[in-house]
file data-v1.txt (compact mmCIF, C-alpha atoms)
# COMPACT_ATOMS: atom_id res chain seq x y z
CA MET A 1 105.10 138.75 103.28
CA SER A 2 106.79 141.79 104.71
CA PRO A 3 109.87 142.89 102.72
CA ASP A 4 111.82 143.10 105.97
CA ARG A 5 111.24 139.39 106.46
CA ARG A 6 114.27 138.64 104.31
CA LEU A 7 116.39 139.68 107.30
CA CYS A 8 114.77 137.25 109.70
CA GLY A 9 116.92 134.34 108.62
CA GLU A 10 119.86 136.05 110.31
CA GLU A 11 118.23 137.83 113.22
CA VAL A 12 114.75 138.35 114.64
CA TYR A 13 113.56 141.92 113.91
CA PRO A 14 110.30 143.55 114.99
CA ALA A 15 109.10 143.24 111.41
CA CYS A 16 109.10 139.51 111.93
CA GLU A 17 106.32 139.72 114.50
CA ASP A 18 103.48 140.34 112.04
CA VAL A 19 103.92 137.69 109.42
CA ARG A 20 101.47 135.40 107.75
CA ILE A 21 102.78 132.22 106.22
CA ALA A 22 100.75 129.98 103.98
CA SER A 23 101.85 126.94 102.04
CA SER A 24 100.53 126.27 98.56
CA ASP A 25 97.75 124.06 99.96
CA GLY A 26 96.86 126.29 102.89
CA ALA A 27 98.34 124.17 105.67
CA GLY A 28 100.29 125.64 108.52
CA GLU A 29 98.89 129.19 108.40
CA TYR A 30 99.50 131.51 111.29
CA SER A 31 99.43 135.24 111.94
CA SER A 32 100.18 137.65 114.74
CA GLU A 33 96.46 137.83 115.50
CA ALA A 34 95.97 134.07 115.61
CA VAL A 35 99.16 133.14 117.45
CA PRO A 36 99.33 133.66 121.22
CA GLU A 37 102.13 135.82 122.56
CA LYS A 38 102.76 133.22 125.25
CA PRO A 39 103.19 129.51 124.62
CA MET A 40 100.16 127.30 125.17
CA TYR A 41 102.23 125.15 127.51
CA SER A 42 103.87 127.43 130.08
CA GLU A 43 107.29 126.93 131.60
CA ASP A 44 105.69 126.48 135.02
CA GLU A 45 103.53 123.65 133.71
CA GLU A 46 106.56 122.17 132.01
CA ARG A 47 108.64 122.36 135.18
CA GLU A 48 105.87 120.65 137.11
CA ASP A 49 105.89 117.72 134.69
CA PHE A 50 109.59 117.05 135.13
CA GLU A 51 109.85 117.53 138.89
CA GLY A 52 109.00 114.74 141.27
CA ILE A 53 106.95 111.64 140.54
CA ALA A 54 104.06 111.55 138.08
CA GLY A 55 100.95 109.40 138.05
CA PRO A 56 99.85 107.47 134.94
CA LEU A 57 97.53 110.22 133.65
CA ARG A 58 100.08 112.98 134.09
CA ALA A 59 102.80 110.81 132.51
CA THR A 60 100.55 110.03 129.55
CA LEU A 61 99.73 113.68 128.95
CA CYS A 62 103.41 114.57 129.25
CA GLU A 63 104.44 111.98 126.65
CA LEU A 64 102.02 113.54 124.18
CA GLN A 65 103.95 116.82 124.41
CA ASP A 66 106.78 117.97 122.17
CA THR A 67 107.95 121.26 120.68
CA SER A 68 105.50 122.06 117.89
CA PRO A 69 104.85 125.11 115.70
CA VAL A 70 101.44 126.72 115.92
CA GLY A 71 99.21 125.93 112.97
CA SER A 72 96.39 123.83 111.62
CA TYR A 73 96.91 120.07 111.56
CA TRP A 74 93.43 118.69 110.99
CA LEU A 75 94.69 116.11 108.48
CA THR A 76 96.76 114.39 111.17
CA LYS A 77 93.68 114.26 113.40
CA LEU A 78 91.68 112.85 110.48
CA VAL A 79 94.25 110.11 109.83
CA ILE A 80 94.14 109.17 113.52
CA ALA A 81 90.33 109.05 113.40
CA VAL A 82 90.40 106.89 110.26
CA ASN A 83 92.74 104.42 111.97
CA PHE A 84 90.33 104.07 114.88
CA LEU A 85 87.31 103.74 112.58
CA VAL A 86 89.03 101.05 110.51
CA ALA A 87 89.83 99.20 113.73
CA LEU A 88 86.20 99.34 114.83
CA PHE A 89 84.32 98.59 111.63
CA THR A 90 86.43 96.46 109.26
CA GLY A 91 87.43 93.36 111.17
CA GLY A 92 89.70 95.46 113.27
CA ILE A 93 91.26 94.93 116.63
CA PHE A 94 88.25 93.58 118.50
CA PHE A 95 87.16 90.71 116.27
CA LEU A 96 90.13 90.15 113.98
CA THR A 97 90.31 86.52 112.83
CA ASP A 98 92.95 84.60 110.91
CA GLU A 99 90.55 84.11 108.01
CA PHE A 100 89.82 87.84 107.78
CA ALA A 101 93.52 88.74 108.08
CA TYR A 102 94.65 86.32 105.36
CA LYS A 103 91.96 87.49 102.96
CA THR A 104 92.39 91.20 103.61
CA TYR A 105 95.97 92.13 104.47
CA PRO A 106 99.07 91.65 102.30
CA SER A 107 101.76 89.12 103.09
CA ALA A 108 105.41 89.30 102.16
CA ALA A 109 104.91 86.46 99.67
CA CYS A 110 102.02 88.26 98.00
CA LEU A 111 103.90 91.55 97.72
CA ALA A 112 107.09 89.94 96.45
CA SER A 113 105.11 88.11 93.77
CA GLY A 114 103.63 91.36 92.48
CA GLY A 115 100.18 91.30 94.12
CA CYS A 116 98.33 92.92 97.04
CA PHE A 117 99.17 96.55 96.28
CA LEU A 118 95.73 97.81 97.32
CA GLY A 119 96.03 95.65 100.41
CA VAL A 120 99.11 97.65 101.40
CA LEU A 121 97.12 100.88 101.34
CA PHE A 122 94.38 99.36 103.48
CA SER A 123 96.81 97.75 105.93
CA MET A 124 98.43 101.15 106.56
CA PHE A 125 95.24 102.12 108.42
CA SER A 126 94.74 98.79 110.22
CA HIS A 127 96.23 97.27 113.37
CA ALA A 128 96.54 93.87 115.01
CA ASN A 129 95.36 94.84 118.50
CA PHE A 130 94.52 97.80 120.68
CA ILE A 131 98.05 98.24 122.05
CA HIS A 132 99.42 98.25 118.49
CA LEU A 133 96.86 100.87 117.47
CA LEU A 134 97.36 103.08 120.53
CA GLY A 135 101.16 103.05 120.30
CA ASN A 136 101.17 104.02 116.64
CA MET A 137 98.60 106.78 117.13
CA VAL A 138 100.64 108.32 119.96
CA TYR A 139 103.67 108.58 117.68
CA LEU A 140 101.51 109.90 114.83
CA TYR A 141 100.06 112.60 117.07
CA ILE A 142 103.51 113.66 118.33
CA VAL A 143 105.30 113.93 114.98
CA GLY A 144 102.44 114.29 112.51
CA ASP A 145 101.39 117.84 113.42
CA ASN A 146 104.94 119.18 112.99
CA ILE A 147 105.28 117.62 109.55
CA GLU A 148 101.82 118.69 108.37
CA ILE A 149 102.35 122.30 109.44
CA SER A 150 105.87 122.37 108.00
CA LEU A 151 105.32 120.64 104.66
CA GLY A 152 101.66 121.32 103.96
CA ARG A 153 98.97 118.69 103.59
CA LEU A 154 99.72 117.46 100.10
CA ARG A 155 103.43 116.90 100.78
CA TYR A 156 102.54 115.41 104.15
CA LEU A 157 100.39 112.79 102.41
CA ILE A 158 103.14 112.11 99.88
CA VAL A 159 105.61 111.38 102.69
CA TYR A 160 103.10 109.33 104.67
CA LEU A 161 101.85 107.10 101.86
CA THR A 162 105.18 106.68 100.04
CA SER A 163 106.96 105.74 103.27
CA GLY A 164 104.30 103.17 104.06
CA ILE A 165 104.49 101.59 100.60
CA VAL A 166 108.29 101.47 100.37
CA GLY A 167 108.49 100.18 103.95
CA ALA A 168 106.05 97.35 103.22
CA TYR A 169 107.94 96.18 100.11
CA THR A 170 111.26 96.42 101.96
CA GLN A 171 109.89 94.14 104.67
CA ALA A 172 108.49 91.77 102.06
CA LEU A 173 111.72 91.28 100.15
CA ILE A 174 113.85 90.73 103.25
CA THR A 175 111.28 88.30 104.69
CA ILE A 176 111.13 86.29 101.47
CA ALA A 177 114.91 85.99 101.43
CA PHE A 178 115.52 85.14 105.09
CA ASN A 179 112.23 83.81 106.50
CA LEU A 180 110.33 82.06 103.73
CA PRO A 181 108.22 79.91 106.13
CA GLY A 182 106.88 83.10 107.70
CA ALA A 183 106.32 85.01 104.47
CA HIS A 184 102.61 84.09 104.42
CA VAL A 185 101.87 86.03 107.62
CA PRO A 186 99.75 89.15 106.93
CA MET A 187 101.45 92.49 107.47
CA VAL A 188 99.32 95.09 109.20
CA GLY A 189 99.92 98.49 110.76
CA ALA A 190 100.71 102.14 110.06
CA SER A 191 104.23 101.84 111.49
CA ALA A 192 106.11 102.24 108.20
CA ALA A 193 104.15 105.35 107.24
CA ILE A 194 104.58 106.90 110.69
CA SER A 195 108.28 106.02 110.62
CA GLY A 196 108.53 108.16 107.49
CA LEU A 197 107.12 111.10 109.45
CA ILE A 198 109.64 110.38 112.21
CA GLY A 199 112.44 110.64 109.65
CA GLY A 200 111.13 114.00 108.49
CA TYR A 201 110.71 115.23 112.06
CA LEU A 202 114.30 114.35 112.92
CA LEU A 203 115.50 116.33 109.93
CA LEU A 204 113.34 119.44 110.45
CA TYR A 205 113.28 119.77 114.25
CA PRO A 206 116.36 118.11 115.79
CA GLY A 207 116.37 120.70 118.61
CA SER A 208 112.79 120.06 119.65
CA ALA A 209 112.06 118.61 123.07
CA MET A 210 110.09 115.46 123.82
CA CYS A 211 108.80 113.96 127.07
CA LYS A 212 109.62 110.37 127.94
CA CYS A 213 108.46 108.70 131.16
CA ILE A 214 109.81 105.63 132.89
CA GLY A 215 107.88 103.71 135.51
CA TYR A 216 105.30 101.07 136.23
CA GLY A 217 101.75 101.01 137.52
CA PHE A 218 101.01 104.31 139.26
CA VAL A 219 104.55 105.67 139.63
CA TYR A 220 106.46 107.36 136.78
CA LYS A 221 109.40 109.68 136.37
CA CYS A 222 109.32 111.94 133.31
CA PHE A 223 112.33 113.38 131.50
CA LYS A 224 112.77 116.08 128.89
CA VAL A 225 114.83 114.73 126.01
CA LYS A 226 116.16 116.21 122.79
CA ALA A 227 114.39 114.98 119.67
CA SER A 228 117.62 114.28 117.77
CA SER A 229 118.98 112.08 120.57
CA TYR A 230 115.77 110.18 121.20
CA LEU A 231 114.90 109.54 117.56
CA ALA A 232 118.45 108.48 116.67
CA PHE A 233 118.20 106.01 119.55
CA TRP A 234 114.83 104.89 118.14
CA VAL A 235 116.61 103.97 114.89
CA LEU A 236 119.10 101.75 116.73
CA LEU A 237 116.31 100.34 118.90
CA GLN A 238 114.81 98.69 115.83
CA PHE A 239 117.71 96.25 115.74
CA ILE A 240 117.02 95.31 119.37
CA TYR A 241 113.38 94.67 118.49
CA MET A 242 114.58 92.31 115.77
CA MET A 243 116.22 90.10 118.40
CA ILE A 244 113.28 90.31 120.83
CA SER A 245 110.37 89.50 118.52
CA PRO A 246 110.22 88.14 114.95
CA PHE A 247 106.72 89.57 114.54
CA ILE A 248 107.74 93.23 114.56
CA ALA A 249 108.24 94.47 111.01
CA ILE A 250 111.42 96.42 111.75
CA TRP A 251 112.53 96.49 108.11
CA ALA A 252 109.25 98.20 107.27
CA HIS A 253 110.00 100.72 110.04
CA LEU A 254 113.49 101.44 108.75
CA GLY A 255 112.47 101.44 105.10
CA GLY A 256 109.75 103.96 105.90
CA PHE A 257 112.06 106.04 108.08
CA PHE A 258 114.71 106.55 105.41
CA THR A 259 112.09 107.17 102.73
CA GLY A 260 110.50 109.90 104.86
CA LEU A 261 113.83 111.45 105.74
CA VAL A 262 114.90 111.74 102.10
CA LEU A 263 111.50 112.91 100.83
CA THR A 264 111.29 115.58 103.52
CA TYR A 265 114.73 116.88 102.60
CA PHE A 266 113.67 117.44 99.01
CA LEU A 267 110.08 118.56 99.66
CA ALA A 268 110.63 121.04 102.51
CA ASP A 269 110.50 124.78 101.91
CA ARG A 270 113.62 126.17 103.58
CA ARG A 271 112.22 129.67 104.10
CA LYS A 272 109.07 128.36 105.73
CA ILE A 273 110.99 126.09 108.10
CA ILE A 274 113.20 128.99 109.20
CA GLU A 275 110.12 131.12 109.85
CA LEU A 276 108.45 128.39 111.88
CA ARG A 277 111.61 127.83 113.92
CA GLU A 278 111.98 131.53 114.66
CA ALA A 279 108.34 131.70 115.76
CA ILE A 280 109.05 128.84 118.18
CA ALA A 281 112.16 130.62 119.46
CA ARG A 282 109.99 133.69 120.23
CA GLY A 283 107.64 131.54 122.28
CA ARG A 284 105.00 131.01 119.64
CA ARG A 285 104.70 127.30 120.00
CA ARG A 286 102.67 124.45 121.38
CA GLY A 287 104.03 122.02 123.91
CA LEU A 288 107.49 121.95 125.44
CA SER A 289 110.11 124.65 125.17
CA PRO A 290 112.86 123.65 122.73
CA TYR A 291 116.52 123.24 123.43
CA SER A 292 117.04 126.84 122.36
CA GLU A 293 120.74 126.52 121.71
CA ASP A 294 119.96 123.73 119.25
CA LEU A 295 116.87 125.13 117.60
CA VAL A 296 118.65 127.45 115.20
CA GLU A 297 122.36 127.11 115.93
CA GLU A 298 123.00 123.37 116.19
CA SER A 299 122.28 120.41 113.98
CA LEU A 300 122.36 116.63 114.25
CA GLY A 301 125.37 115.60 116.30
CA PRO A 302 127.95 113.07 115.14
CA LEU A 303 126.39 110.24 117.17
CA ALA A 304 122.96 110.82 115.66
CA ARG A 305 124.40 110.99 112.16
CA GLY A 306 126.48 107.89 112.81
CA ALA A 307 123.41 105.94 113.95
CA ILE A 308 121.52 106.94 110.83
CA VAL A 309 124.38 106.07 108.46
CA PHE A 310 124.95 102.75 110.25
CA ALA A 311 121.29 101.76 109.92
CA ALA A 312 121.19 102.86 106.28
CA THR A 313 124.28 100.75 105.50
CA ILE A 314 122.74 97.67 107.12
CA MET A 315 119.56 98.22 105.14
CA LEU A 316 121.45 98.51 101.85
CA LEU A 317 123.46 95.33 102.48
CA LEU A 318 120.31 93.42 103.43
CA MET A 319 118.47 94.59 100.34
CA LEU A 320 121.39 93.62 98.11
CA THR A 321 121.56 90.17 99.69
CA SER A 322 117.78 89.73 99.64
CA THR A 323 117.56 90.60 95.97
CA ILE A 324 120.29 88.15 95.03
CA LEU A 325 118.80 85.33 97.12
CA THR A 326 115.31 85.95 95.77
CA LEU A 327 116.44 85.91 92.15
CA ILE A 328 118.56 82.79 92.63
CA SER A 329 116.25 80.65 94.76
CA LEU A 330 112.70 81.71 93.87
CA LYS A 331 112.65 82.91 90.26
CA GLY A 332 110.52 80.55 88.21
CA TYR A 333 108.78 78.93 91.20
CA TYR A 334 105.30 78.86 92.64
CA ILE A 335 105.03 78.83 96.40
CA ILE A 336 102.01 77.15 97.99
CA TYR A 337 101.16 77.73 101.65
CA LEU A 338 99.17 75.05 103.43
CA LYS A 339 97.35 76.02 106.60
CA TYR A 340 97.54 74.03 109.83
CA GLY A 341 97.86 74.68 113.54
CA GLU A 342 101.57 73.90 113.59
CA MET A 343 104.50 74.78 111.35
CA PHE A 344 106.27 72.31 109.09
CA SER A 345 109.06 72.34 106.57
CA CYS A 346 107.87 70.97 103.24
CA ARG A 347 109.40 70.46 99.81
CA ASN A 348 107.71 68.46 97.07
CA ASN A 349 105.08 67.12 99.48
CA ILE A 350 107.73 65.69 101.83
CA CYS A 351 107.26 67.40 105.16
CA SER A 352 108.97 67.23 108.52
CA CYS A 353 107.40 68.61 111.67
CA TYR A 354 109.49 70.94 113.81
CA GLY A 355 106.86 72.82 115.77
CA GLY A 356 106.08 76.50 115.75
CA PHE A 357 102.96 78.62 115.71
CA LEU A 358 102.71 80.48 112.40
CA GLY A 359 99.93 78.22 111.23
CA ALA A 360 101.17 77.23 107.78
CA THR A 361 103.79 75.38 105.81
CA TYR A 362 104.96 75.97 102.25
CA ASN A 363 105.79 74.01 99.17
CA LEU A 364 107.89 75.21 96.21
CA THR A 365 106.95 73.85 92.81
CA LYS A 366 107.69 74.63 89.17
CA THR A 367 104.06 74.08 88.15
CA LEU A 368 100.89 75.16 89.90
CA PRO A 369 98.45 72.25 90.51
CA THR A 370 95.10 72.57 88.76
CA THR A 371 93.32 72.10 92.10
CA LEU A 372 94.55 72.76 95.62
CA GLU A 373 92.89 69.96 97.54
CA ASP A 374 93.48 69.00 101.14
CA ILE A 375 96.61 66.92 101.66
CA VAL A 376 96.72 64.31 104.41
CA LEU A 377 100.22 63.60 105.68
CA THR A 378 101.35 61.19 108.38
CA GLN A 379 104.02 62.64 110.63
CA PRO A 380 106.06 61.10 113.46
CA SER A 381 104.39 61.60 116.81
CA THR A 382 106.05 64.17 119.06
CA TRP A 383 104.87 66.26 121.97
CA TRP A 384 104.36 69.23 119.66
CA CYS A 385 103.11 67.43 116.56
CA SER A 386 100.16 65.04 116.12
CA GLU A 387 100.52 61.89 114.02
CA GLU A 388 98.01 62.59 111.25
CA LEU A 389 97.77 66.07 109.84
CA THR A 390 95.40 67.61 107.33
CA LEU A 391 96.96 70.58 105.58
CA LYS A 392 94.46 72.89 103.89
CA PRO A 393 95.49 75.14 101.00
CA LEU A 394 95.92 78.72 102.14
CA ALA A 395 97.41 80.62 99.20
CA ALA A 396 99.62 80.21 96.13
CA TYR A 397 101.96 82.83 94.70
CA ASN A 398 103.82 83.00 91.42
CA PHE A 399 107.46 84.08 91.63
CA TYR A 400 108.11 83.95 87.90
CA ASN A 401 107.95 87.74 87.94
CA ALA A 402 109.99 88.22 91.11
CA PRO A 403 112.69 90.27 89.32
CA ALA A 404 110.05 92.87 88.36
CA ILE A 405 109.59 93.61 92.07
CA ALA A 406 113.05 92.96 93.50
CA VAL A 407 115.17 94.89 91.00
CA PRO A 408 113.23 98.21 91.04
CA LEU A 409 112.97 98.02 94.83
CA LEU A 410 116.73 97.55 95.05
CA ALA A 411 117.21 100.59 92.81
CA ILE A 412 114.96 102.65 95.10
CA THR A 413 116.88 101.43 98.15
CA ILE A 414 120.23 102.37 96.62
CA THR A 415 118.88 105.83 95.72
CA ILE A 416 117.58 106.36 99.27
CA PHE A 417 120.90 105.17 100.73
CA ILE A 418 122.97 107.53 98.58
CA ALA A 419 120.61 110.43 99.37
CA THR A 420 120.81 109.65 103.10
CA ILE A 421 124.62 109.68 103.06
CA TYR A 422 124.54 112.93 101.09
CA ILE A 423 122.18 114.56 103.61
CA MET A 424 124.19 113.38 106.60
CA THR A 425 127.37 114.96 105.22
CA LYS A 426 125.82 118.42 104.81
CA LYS A 427 126.55 121.28 107.18
CA TYR A 428 123.96 122.69 109.54
CA SER A 429 122.84 125.40 107.16
CA GLU A 430 121.92 122.74 104.62
CA VAL A 431 121.09 119.54 106.46
CA GLU A 432 117.66 120.14 107.95
CA VAL A 433 116.01 121.86 105.02
CA VAL A 434 116.78 122.55 101.38

call {"tool": "encode", "arguments": {"input": "data-v1.txt", "output": "C-alpha cells"}}
result
Amino acid sequence: MSPDRRLCGEEVYPACEDVRIASSDGAGEYSSEAVPEKPMYSEDEEREDFEGIAGPLRATLCELQDTSPVGSYWLTKLVIAVNFLVALFTGGIFFLTDEFAYKTYPSAACLASGGCFLGVLFSMFSHANFIHLLGNMVYLYIVGDNIEISLGRLRYLIVYLTSGIVGAYTQALITIAFNLPGAHVPMVGASAAISGLIGGYLLLYPGSAMCKCIGYGFVYKCFKVKASSYLAFWVLLQFIYMMISPFIAIWAHLGGFFTGLVLTYFLADRRKIIELREAIARGRRRGLSPYSEDLVEESLGPLARGAIVFAATIMLLLMLTSTILTLISLKGYYIIYLKYGEMFSCRNNICSCYGGFLGATYNLTKTLPTTLEDIVLTQPSTWWCSEELTLKPLAAYNFYNAPAIAVPLLAITITIFIATIYIMTKKYSEVEVV
C-alpha cells in the first residue's frame, strides 16, 4: 500500500488512485488497472430507471441494483447456485412432500430438545417453494456481494453460517414457548443467514442506494431509497409479518439480523471499509450512485437506530420469557407428535378437536412409550372434524435436557443485545466499522 494512503481517511489525494487492497483470504481485490474510471451503471441509465413507468423486466433489473464496491464476489454466486441445486435435486421446491420435509428438515421441537443440528445446516440451503427461493436469492445477491468484498470470504462465511444457526435456535425456543402445537413443523430457508448479511450491510453501507419498485402486472414505478432507511423499515416489517402469517419465521430473521450486525462490527477491517467507500465516492462502483452526503459524512439516523434498539429489546424480552416458560413447563417431559390431517389438542391421550391445518397433535408425557403404535380416538362430529380419527406417530422429543439448549441460547441473546445497544450508541466515526 502506498505510504500516502494514510491520508486518504481524511481526504482523497491523487496517491489514492493507484491502490491495491487485498484481504487476508484474497477477497475484494481491486486495482487502478482493474477498476473502471467510470461506474458500470451510468447516471443516465440510473435516471432512466427512476423516471416514468417501468415494465416488469426493467423493474426487476432495477431492484437487483444497489451501491456496491468493485471486487470479486464469486462465493456469493456459488451460494446462490447451491441453493438452486439443492432445490432441484434434494426433494426441493418442485416435489417437496410432507414425509420428506419431516425426515429432513429440523423442527423447533427437535432443535429445542438438542437434536437436528446438521439439519439446520442443510435447511439453510433449502426452500419451501419457488417464490420463497427466488425472494431469498434476490436479497442474497443484493447484500451478499457487498459483505463478501468488504469482509473477505472467510469472515463472510462466518457471518452467514453463524447468523443462520443462531436465528434457527432463536425461532425454535420462542416457538416451543408460545406455539407448542406448531413446534413440529419443519423449518426451512436461508432467511436467517441472509438476514445476518442484511445486518452487516446496514452497518457498513448505510449511505448506499437501493431500488424498490411498486406496481402490479405490467406497470411499475421505481424509487431510489437509502439503504439505512429501507433496511431499518425491514426490521420493523418483521413484526407486521408476524401478524399476517404464522408460517414466516420472523424470530429467525431477527435473530440472524442481530447476530450478523454484531459479528460484522467486530470482524470488519476499518481501514479497508474506508478505502472501499472512498473508491465508491470517486465513481469506482457497481450499481446505483450512493447518497454521497451520507456515504462518508453521515451515519445511521435516530429513527433507524431507534428501530434497531426497539426490535432488539423485544427479542431480549421474548427470549427471557421463552427460556423461563420452557424450563418451567417442559423440563423433564417427552413430547410426542401424532400425525393427522387436522389439528387437535391432546394431553394424556385425551384429545379435543378444534380444527386447523398443521397436520399433527402432541402429547406430553413423563415416560416415553416402548412402542409408538397408531392410536384410534373417537371425536365429536363437527364440520371440520370427522368422528373417528387414526393418529399416527410422527416424532418424539426428549426435553429432559432443555436447559442445556435454552440457557446458553439466552446467554448468547443477552450478549448480542448488549453489543447491539453498544454499537447503536457509538458516534459516526465508530459505528459502521471498528

call {"tool": "closest_residue", "arguments": {"input": "data-v1.txt", "among": "A:Val82, A:Leu231, A:Leu197, A:Gly287", "to": "Ala307 in chain A", "atoms": "all atoms listed in the file"}}
result
A:Leu231

call {"tool": "atom_distance", "arguments": {"input": "data-v1.txt", "atom1": "CA of Ser322 in chain A", "atom2": "CA of Ala177 in chain A"}}
result
5.0 Å

call {"tool": "residues_around", "arguments": {"input": "data-v1.txt", "residues": "Met124 in chain A", "least_positions_apart": "5", "cutoff": "7 Å", "atoms": "all atoms listed in the file", "output": "VMD selection string"}}
result
chain A and resid 164 188 to 190

call {"tool": "closest_residue", "arguments": {"input": "data-v1.txt", "among": "A:Tyr216, A:Tyr230, A:Tyr205, A:Phe258", "to": "Met424 in chain A", "atoms": "all atoms listed in the file"}}
result
A:Phe258

call {"tool": "atom_distance", "arguments": {"input": "data-v1.txt", "atom1": "CA of Val143 in chain A", "atom2": "CA of Phe233 in chain A"}}
result
15.8 Å

call {"tool": "closest_residue", "arguments": {"input": "data-v1.txt", "among": "A:Leu61, A:Ile80, A:Ala128, A:Ala268", "to": "Ile158 in chain A", "atoms": "only C-alpha atoms"}}
result
A:Ala268

call {"tool": "residues_around", "arguments": {"input": "data-v1.txt", "residues": "range 404-409 of chain A", "least_positions_apart": "3", "cutoff": "10 Å", "atoms": "only C-alpha atoms", "output": "PyMOL selection string"}}
result
chain A and resi 111-115+166+169-170+172-173+319-320+322-324+326-327+399-401+412-415

call {"tool": "axis_aligned_box", "arguments": {"input": "data-v1.txt", "around": "range 99-116 of chain A", "padding_each_side": "5 Å", "output": "AutoDock Vina command-line options"}}
result
--center_x 98.5 --center_y 88.5 --center_z 100.3 --size_x 27.3 --size_y 18.8 --size_z 25.6

call {"tool": "atom_distance", "arguments": {"input": "data-v1.txt", "atom1": "CA of Glu278 in chain A", "atom2": "CA of Gly207 in chain A"}}
result
12.3 Å

call {"tool": "residues_around", "arguments": {"input": "data-v1.txt", "residues": "range 101-109 of chain A", "least_positions_apart": "5", "cutoff": "6 Å", "atoms": "all atoms listed in the file", "output": "PyMOL selection string"}}
result
chain A and resi 116+119+123+172+183-187

call {"tool": "closest_residue", "arguments": {"input": "data-v1.txt", "among": "A:Trp74, A:Ser228, A:Asp49, A:Ile149", "to": "Gly306 in chain A", "atoms": "all atoms listed in the file"}}
result
A:Ser228

call {"tool": "decode", "arguments": {"input": "data-v1.txt", "residues": "range 46-71 of chain A", "atoms": "C-alpha atoms", "output": "CSV table (one decimal), in the first residue's frame"}}
result
chain,number,residue,atom,x,y,z
A,46,GLU,CA,-29.9,5.3,-13.4
A,47,ARG,CA,-32.0,8.4,-14.2
A,48,GLU,CA,-33.9,6.3,-16.8
A,49,ASP,CA,-34.8,3.7,-14.2
A,50,PHE,CA,-36.4,6.2,-11.9
A,51,GLU,CA,-38.2,8.4,-14.4
A,52,GLY,CA,-41.6,7.4,-15.7
A,53,ILE,CA,-43.2,3.9,-15.6
A,54,ALA,CA,-41.3,0.7,-15.8
A,55,GLY,CA,-42.3,-2.7,-17.1
A,56,PRO,CA,-41.8,-5.9,-15.1
A,57,LEU,CA,-38.4,-6.7,-16.6
A,58,ARG,CA,-37.0,-3.2,-16.1
A,59,ALA,CA,-38.4,-3.1,-12.6
A,60,THR,CA,-36.8,-6.5,-11.8
A,61,LEU,CA,-33.4,-5.4,-13.1
A,62,CYS,CA,-33.7,-2.2,-11.2
A,63,GLU,CA,-34.4,-4.0,-7.9
A,64,LEU,CA,-31.3,-6.0,-8.3
A,65,GLN,CA,-29.2,-2.8,-8.2
A,66,ASP,CA,-27.6,-1.2,-5.2
A,67,THR,CA,-24.4,0.7,-4.4
A,68,SER,CA,-21.7,-1.9,-4.4
A,69,PRO,CA,-17.9,-1.7,-4.3
A,70,VAL,CA,-16.0,-3.3,-7.2
A,71,GLY,CA,-14.4,-6.6,-6.4
